[in-house]
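The next block is run.txt, given as compact mmCIF, C-alpha atoms.
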# COMPACT_ATOMS: atom_id res chain seq x y z
CA MET A 20 -8.23 19.36 38.49
CA SER A 21 -8.67 15.90 39.92
CA VAL A 22 -5.84 13.83 41.34
CA GLN A 23 -6.19 11.42 38.41
CA GLU A 24 -5.89 14.23 35.85
CA ARG A 25 -2.83 15.62 37.62
CA LYS A 26 -1.18 12.18 37.65
CA GLN A 27 -1.90 11.71 33.94
CA ARG A 28 -0.43 15.14 33.17
CA GLU A 29 2.67 14.37 35.25
CA ARG A 30 3.07 11.01 33.51
CA ALA A 31 2.83 12.62 30.07
CA GLU A 32 5.39 15.24 31.12
CA ARG A 33 7.80 12.52 32.30
CA GLU A 34 7.43 10.75 28.95
CA ARG A 35 8.17 13.99 27.07
CA LEU A 36 11.22 14.52 29.27
CA ILE A 37 12.50 10.99 28.65
CA VAL A 38 12.09 11.33 24.88
CA ALA A 39 13.60 14.82 24.76
CA THR A 40 16.57 13.73 26.88
CA ALA A 41 17.16 10.60 24.79
CA ARG A 42 17.01 12.66 21.62
CA GLU A 43 19.39 15.28 22.98
CA LEU A 44 21.86 12.66 24.15
CA ALA A 45 21.67 10.80 20.84
CA GLU A 46 22.23 14.01 18.84
CA GLN A 47 25.23 14.91 21.01
CA GLN A 48 26.89 11.51 21.45
CA GLY A 49 25.11 8.99 19.24
CA TRP A 50 22.56 6.32 20.04
CA ASP A 51 25.14 4.08 21.72
CA ALA A 52 25.34 6.67 24.50
CA VAL A 53 21.62 6.37 25.18
CA THR A 54 21.13 3.89 27.99
CA THR A 55 18.40 3.67 30.59
CA ARG A 56 21.00 4.26 33.28
CA ARG A 57 22.25 7.49 31.67
CA LEU A 58 18.71 8.65 30.97
CA ALA A 59 17.70 7.99 34.57
CA GLU A 60 20.69 9.98 35.81
CA ARG A 61 20.00 12.89 33.46
CA ILE A 62 16.31 13.23 34.22
CA GLU A 63 16.80 12.40 37.89
CA TYR A 64 14.34 9.53 38.03
CA SER A 65 15.05 5.90 38.81
CA GLN A 66 15.39 3.28 36.11
CA PRO A 67 12.12 1.63 37.25
CA VAL A 68 10.35 4.93 36.53
CA LEU A 69 11.76 4.86 32.98
CA TYR A 70 10.62 1.26 32.59
CA SER A 71 7.14 2.25 33.71
CA HIS A 72 6.97 4.42 30.56
CA PHE A 73 9.07 2.46 28.06
CA ARG A 74 10.05 -1.21 28.11
CA GLY A 75 13.54 -0.30 26.94
CA LYS A 76 15.70 1.60 24.51
CA ARG A 77 13.87 0.17 21.50
CA GLU A 78 10.61 1.83 22.55
CA ILE A 79 12.42 5.09 23.28
CA ILE A 80 13.90 5.01 19.77
CA GLY A 81 10.39 4.42 18.44
CA ALA A 82 9.05 7.42 20.37
CA VAL A 83 11.84 9.63 18.97
CA ALA A 84 11.07 8.31 15.48
CA LEU A 85 7.38 9.18 15.77
CA GLN A 86 8.19 12.66 17.01
CA GLY A 87 10.72 13.07 14.19
CA ALA A 88 8.24 11.87 11.56
CA SER A 89 5.81 14.59 12.63
CA GLU A 90 8.53 17.22 12.48
CA MET A 91 9.77 16.02 9.09
CA ALA A 92 6.23 16.07 7.65
CA ALA A 93 5.72 19.62 8.91
CA ALA A 94 9.06 20.76 7.45
CA MET A 95 8.27 19.25 4.04
CA ARG A 96 4.77 20.74 3.97
CA ALA A 97 6.05 24.16 4.97
CA ALA A 98 8.70 24.06 2.25
CA THR A 99 6.30 22.96 -0.48
CA ALA A 100 3.56 25.39 0.56
CA ALA A 101 5.91 28.30 -0.08
CA ALA A 102 6.86 27.06 -3.56
CA ASP A 103 5.10 27.99 -6.79
CA GLY A 104 4.64 25.32 -9.44
CA PRO A 105 5.43 21.59 -9.57
CA ARG A 106 9.18 21.95 -10.18
CA ALA A 107 9.63 24.41 -7.33
CA ARG A 108 7.53 22.23 -5.01
CA VAL A 109 9.46 19.04 -5.76
CA THR A 110 12.79 20.87 -5.40
CA ALA A 111 11.66 22.39 -2.10
CA LEU A 112 10.51 18.97 -0.89
CA ALA A 113 13.87 17.37 -1.71
CA ARG A 114 15.82 20.20 -0.07
CA ALA A 115 13.65 20.09 3.05
CA TYR A 116 14.04 16.32 3.36
CA LEU A 117 17.82 16.43 2.96
CA ALA A 118 18.13 19.40 5.32
CA PHE A 119 16.11 17.59 7.99
CA ALA A 120 18.34 14.52 7.69
CA GLU A 121 21.45 16.68 7.99
CA ARG A 122 20.20 18.78 10.93
CA HIS A 123 18.81 15.85 12.93
CA PRO A 124 21.01 12.80 12.28
CA ALA A 125 20.00 10.90 15.42
CA VAL A 126 16.31 11.44 14.70
CA TYR A 127 16.86 10.39 11.09
CA ASP A 128 18.58 7.23 12.33
CA ALA A 129 15.68 6.53 14.69
CA LEU A 130 13.29 6.89 11.76
CA PHE A 131 15.12 4.88 9.12
CA GLN A 132 18.15 3.03 10.47
CA LEU A 133 17.41 1.74 13.97
CA ASP A 134 14.85 -0.71 15.26
CA GLY A 135 12.25 1.29 17.14
CA GLY A 136 9.69 -1.51 16.99
CA LEU A 137 7.53 0.40 14.51
CA ALA A 138 5.67 -1.08 11.55
CA TYR A 139 6.34 0.58 8.20
CA ALA A 140 4.12 0.28 5.12
CA GLN A 141 1.61 -1.94 6.90
CA GLU A 142 -1.92 -1.71 8.25
CA ASP A 143 -0.68 -0.97 11.76
CA THR A 144 1.83 1.70 10.76
CA PRO A 145 1.60 4.53 13.31
CA GLU A 146 -0.12 7.68 12.11
CA PRO A 147 2.96 9.98 12.24
CA LEU A 148 4.81 7.65 9.86
CA LYS A 149 1.83 7.52 7.51
CA ASP A 150 1.62 11.29 7.63
CA ALA A 151 5.30 11.73 6.75
CA PHE A 152 4.78 9.53 3.70
CA ALA A 153 1.61 11.48 2.89
CA ALA A 154 3.63 14.71 2.93
CA LEU A 155 5.87 13.23 0.24
CA LEU A 156 2.91 11.82 -1.71
CA GLU A 157 0.98 15.11 -1.68
CA CYS A 158 3.78 16.80 -3.56
CA LEU A 159 5.03 13.97 -5.75
CA SER A 160 1.69 12.60 -6.93
CA GLU A 161 1.31 15.57 -9.28
CA VAL A 162 4.55 14.65 -11.10
CA ALA A 163 4.37 10.84 -11.09
CA GLY A 164 3.54 10.72 -14.77
CA ASP A 165 0.92 8.95 -16.82
CA GLY A 166 0.45 5.28 -16.05
CA VAL A 167 2.60 5.44 -12.89
CA ARG A 168 1.04 4.82 -9.49
CA PRO A 169 1.76 7.92 -7.39
CA GLU A 170 2.59 5.76 -4.35
CA LEU A 171 5.18 3.78 -6.33
CA PHE A 172 6.76 6.93 -7.73
CA THR A 173 6.84 8.46 -4.23
CA GLU A 174 8.54 5.37 -2.81
CA THR A 175 11.16 5.51 -5.57
CA PHE A 176 11.81 9.24 -5.13
CA TRP A 177 11.97 8.79 -1.35
CA ALA A 178 14.46 5.94 -1.75
CA CYS A 179 16.67 8.25 -3.81
CA LEU A 180 16.45 10.99 -1.17
CA HIS A 181 17.26 8.48 1.56
CA GLY A 182 20.25 7.21 -0.40
CA LEU A 183 21.55 10.73 -0.92
CA ALA A 184 21.10 11.60 2.75
CA THR A 185 22.70 8.39 4.00
CA LEU A 186 25.62 8.30 1.58
CA THR A 187 26.44 11.98 2.06
CA ARG A 188 26.37 11.66 5.83
CA ALA A 189 28.60 8.59 5.68
CA GLY A 190 31.16 10.53 3.62
CA ARG A 191 30.56 8.37 0.54
CA LEU A 192 29.34 11.36 -1.48
CA PRO A 193 30.97 14.81 -1.33
CA PRO A 194 28.58 17.25 0.37
CA GLN A 195 29.45 20.13 -1.95
CA ASP A 196 27.54 18.39 -4.76
CA THR A 197 24.29 17.95 -2.81
CA GLU A 198 22.49 20.76 -4.64
CA ARG A 199 23.51 19.41 -8.06
CA ARG A 200 22.35 15.91 -7.08
CA THR A 201 19.02 17.38 -5.97
CA GLU A 202 18.65 19.13 -9.33
CA LEU A 203 19.44 15.90 -11.18
CA LEU A 204 16.90 14.00 -9.12
CA VAL A 205 14.21 16.56 -9.89
CA ASP A 206 15.19 16.94 -13.55
CA ARG A 207 15.64 13.27 -14.41
CA LEU A 208 13.44 11.28 -12.08
CA ALA A 209 10.58 13.75 -11.78
CA MET A 210 11.29 14.94 -15.33
CA LEU A 211 10.66 18.56 -14.46
For the structure just supplied, provide its representation as structure tokens.
Amino acid sequence: MSVQERKQRERAERERLIVATARELAEQQGWDAVTTRRLAERIEYSQPVLYSHFRGKREIIGAVALQGASEMAAAMRAATAAADGPRARVTALARAYLAFAERHPAVYDALFQLDGGLAYAQEDTPEPLKDAFAALLECLSEVAGDGVRPELFTETFWACLHGLATLTRAGRLPPQDTERRTELLVDRLAML
């Protein structure tokens, strides 16, 4: 291995460590606790080293969001692959989405609440974000209905899931009714 290859590998490893540490800290204490000073202390590198990888917290949030989008897409695909029939697939998709949001609140915030400097629904949208939407679209396009653009139906269904996740987490909706809300969403919106 050349010196250049070793340096590139070490740089990539430092970036992974920064992102993993930021994510861990955010999941434990919230995003307000994530500062470059605290990250530098935790990973035992100087702040200038952090800034050589990320220009600031915003870019770190964006990196966590991209990682989270890939994980969310994988979770939704795994859930729908194990389901048989459109109704079971859509129900599995909704459950997987809501479970991801509940299990990873800081990642969910990085994806949908915080400014990570990422473009959404545009030409320059990063691939992991496009793929997460594609995971929704793959399942929901089969139930969009006649005369309805699958992308539009997917956006609407996704907005409902996001609302359920956000309102439940904020204590605005009682969590014990999550399953019933999921059933209503599938029954009424997807008409399955």
task: Using all atoms listed in the file, determine which residues lie at most 6 Å from segment 153-158 of chain A, disregarding the query and same-chain residues fewer than 2 positions distant; provide the list as a PyMOL selection string.
output: chain A and resi 92+150-151+160+173
Take the selection from the previous step and output its residues with C-alpha atoms, as a PDB file, keeping the file's coordinate frame.
ATOM      1  CA  ALA A  92       6.230  16.070   7.650  1.00  0.00           C
ATOM      2  CA  ASP A 150       1.620  11.290   7.630  1.00  0.00           C
ATOM      3  CA  ALA A 151       5.300  11.730   6.750  1.00  0.00           C
ATOM      4  CA  SER A 160       1.690  12.600  -6.930  1.00  0.00           C
ATOM      5  CA  THR A 173       6.840   8.460  -4.230  1.00  0.00           C
TER       6      THR A 173
END
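The gap separating atom CA of Ser21 of chain A from atom CA of Phe73 of chain A is 25.2 Å, in Å to one decimal.
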- prompt: In terms of the shortest atom-to-atom distance over all atoms listed in the file, which of A:Asp51, A:Glu142, A:Glu198, A:Glu24 is closest to Arg114 of chain A?
  reply: A:Glu198
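Put simply, atom CA of Ala41 of chain A is 6.2 Å away from atom CA of Val53 of chain A.
Each of A:Gly135, A:Pro124, A:Pro67, A:Pro105 was checked against Ile79 of chain A using only C-alpha atoms; the smallest atom-to-atom distance is that of A:Gly135.
Note that the spacing between atom CA of Leu148 of chain A and atom CA of Ala88 of chain A amounts to 5.7 Å.
Closest approach to Ala45 of chain A among A:Glu78, A:Glu63, A:Glu29, A:Asp128: A:Asp128, based on only C-alpha atoms.
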At a cut-off of 12 Å, using all atoms listed in the file, what residues contact Ala84 of chain A? Leave out same-chain residues fewer than 5 positions from it and give the result as an mmCIF file with C-alpha atoms, in the coordinates of the input.
data_model
loop_
_atom_site.group_PDB
_atom_site.id
_atom_site.type_symbol
_atom_site.label_atom_id
_atom_site.label_comp_id
_atom_site.auth_asym_id
_atom_site.auth_seq_id
_atom_site.Cartn_x
_atom_site.Cartn_y
_atom_site.Cartn_z
ATOM 1 C CA VAL A 38 12.090 11.330 24.880
ATOM 2 C CA ALA A 39 13.600 14.820 24.760
ATOM 3 C CA ALA A 41 17.160 10.600 24.790
ATOM 4 C CA ARG A 42 17.010 12.660 21.620
ATOM 5 C CA ARG A 77 13.870 0.170 21.500
ATOM 6 C CA GLU A 78 10.610 1.830 22.550
ATOM 7 C CA ILE A 79 12.420 5.090 23.280
ATOM 8 C CA SER A 89 5.810 14.590 12.630
ATOM 9 C CA GLU A 90 8.530 17.220 12.480
ATOM 10 C CA MET A 91 9.770 16.020 9.090
ATOM 11 C CA HIS A 123 18.810 15.850 12.930
ATOM 12 C CA PRO A 124 21.010 12.800 12.280
ATOM 13 C CA ALA A 125 20.000 10.900 15.420
ATOM 14 C CA VAL A 126 16.310 11.440 14.700
ATOM 15 C CA TYR A 127 16.860 10.390 11.090
ATOM 16 C CA ASP A 128 18.580 7.230 12.330
ATOM 17 C CA ALA A 129 15.680 6.530 14.690
ATOM 18 C CA LEU A 130 13.290 6.890 11.760
ATOM 19 C CA PHE A 131 15.120 4.880 9.120
ATOM 20 C CA GLN A 132 18.150 3.030 10.470
ATOM 21 C CA LEU A 133 17.410 1.740 13.970
ATOM 22 C CA ASP A 134 14.850 -0.710 15.260
ATOM 23 C CA GLY A 135 12.250 1.290 17.140
ATOM 24 C CA GLY A 136 9.690 -1.510 16.990
ATOM 25 C CA LEU A 137 7.530 0.400 14.510
ATOM 26 C CA ALA A 138 5.670 -1.080 11.550
ATOM 27 C CA TYR A 139 6.340 0.580 8.200
ATOM 28 C CA PRO A 145 1.600 4.530 13.310
ATOM 29 C CA GLU A 146 -0.120 7.680 12.110
ATOM 30 C CA PRO A 147 2.960 9.980 12.240
ATOM 31 C CA LEU A 148 4.810 7.650 9.860
ATOM 32 C CA ALA A 151 5.300 11.730 6.750
#
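Nearest-residue note for Leu159 of chain A: choosing from A:Ala120, A:Leu208, A:Ala140, A:Leu183, the minimum distance belongs to A:Leu208, counting only C-alpha atoms.
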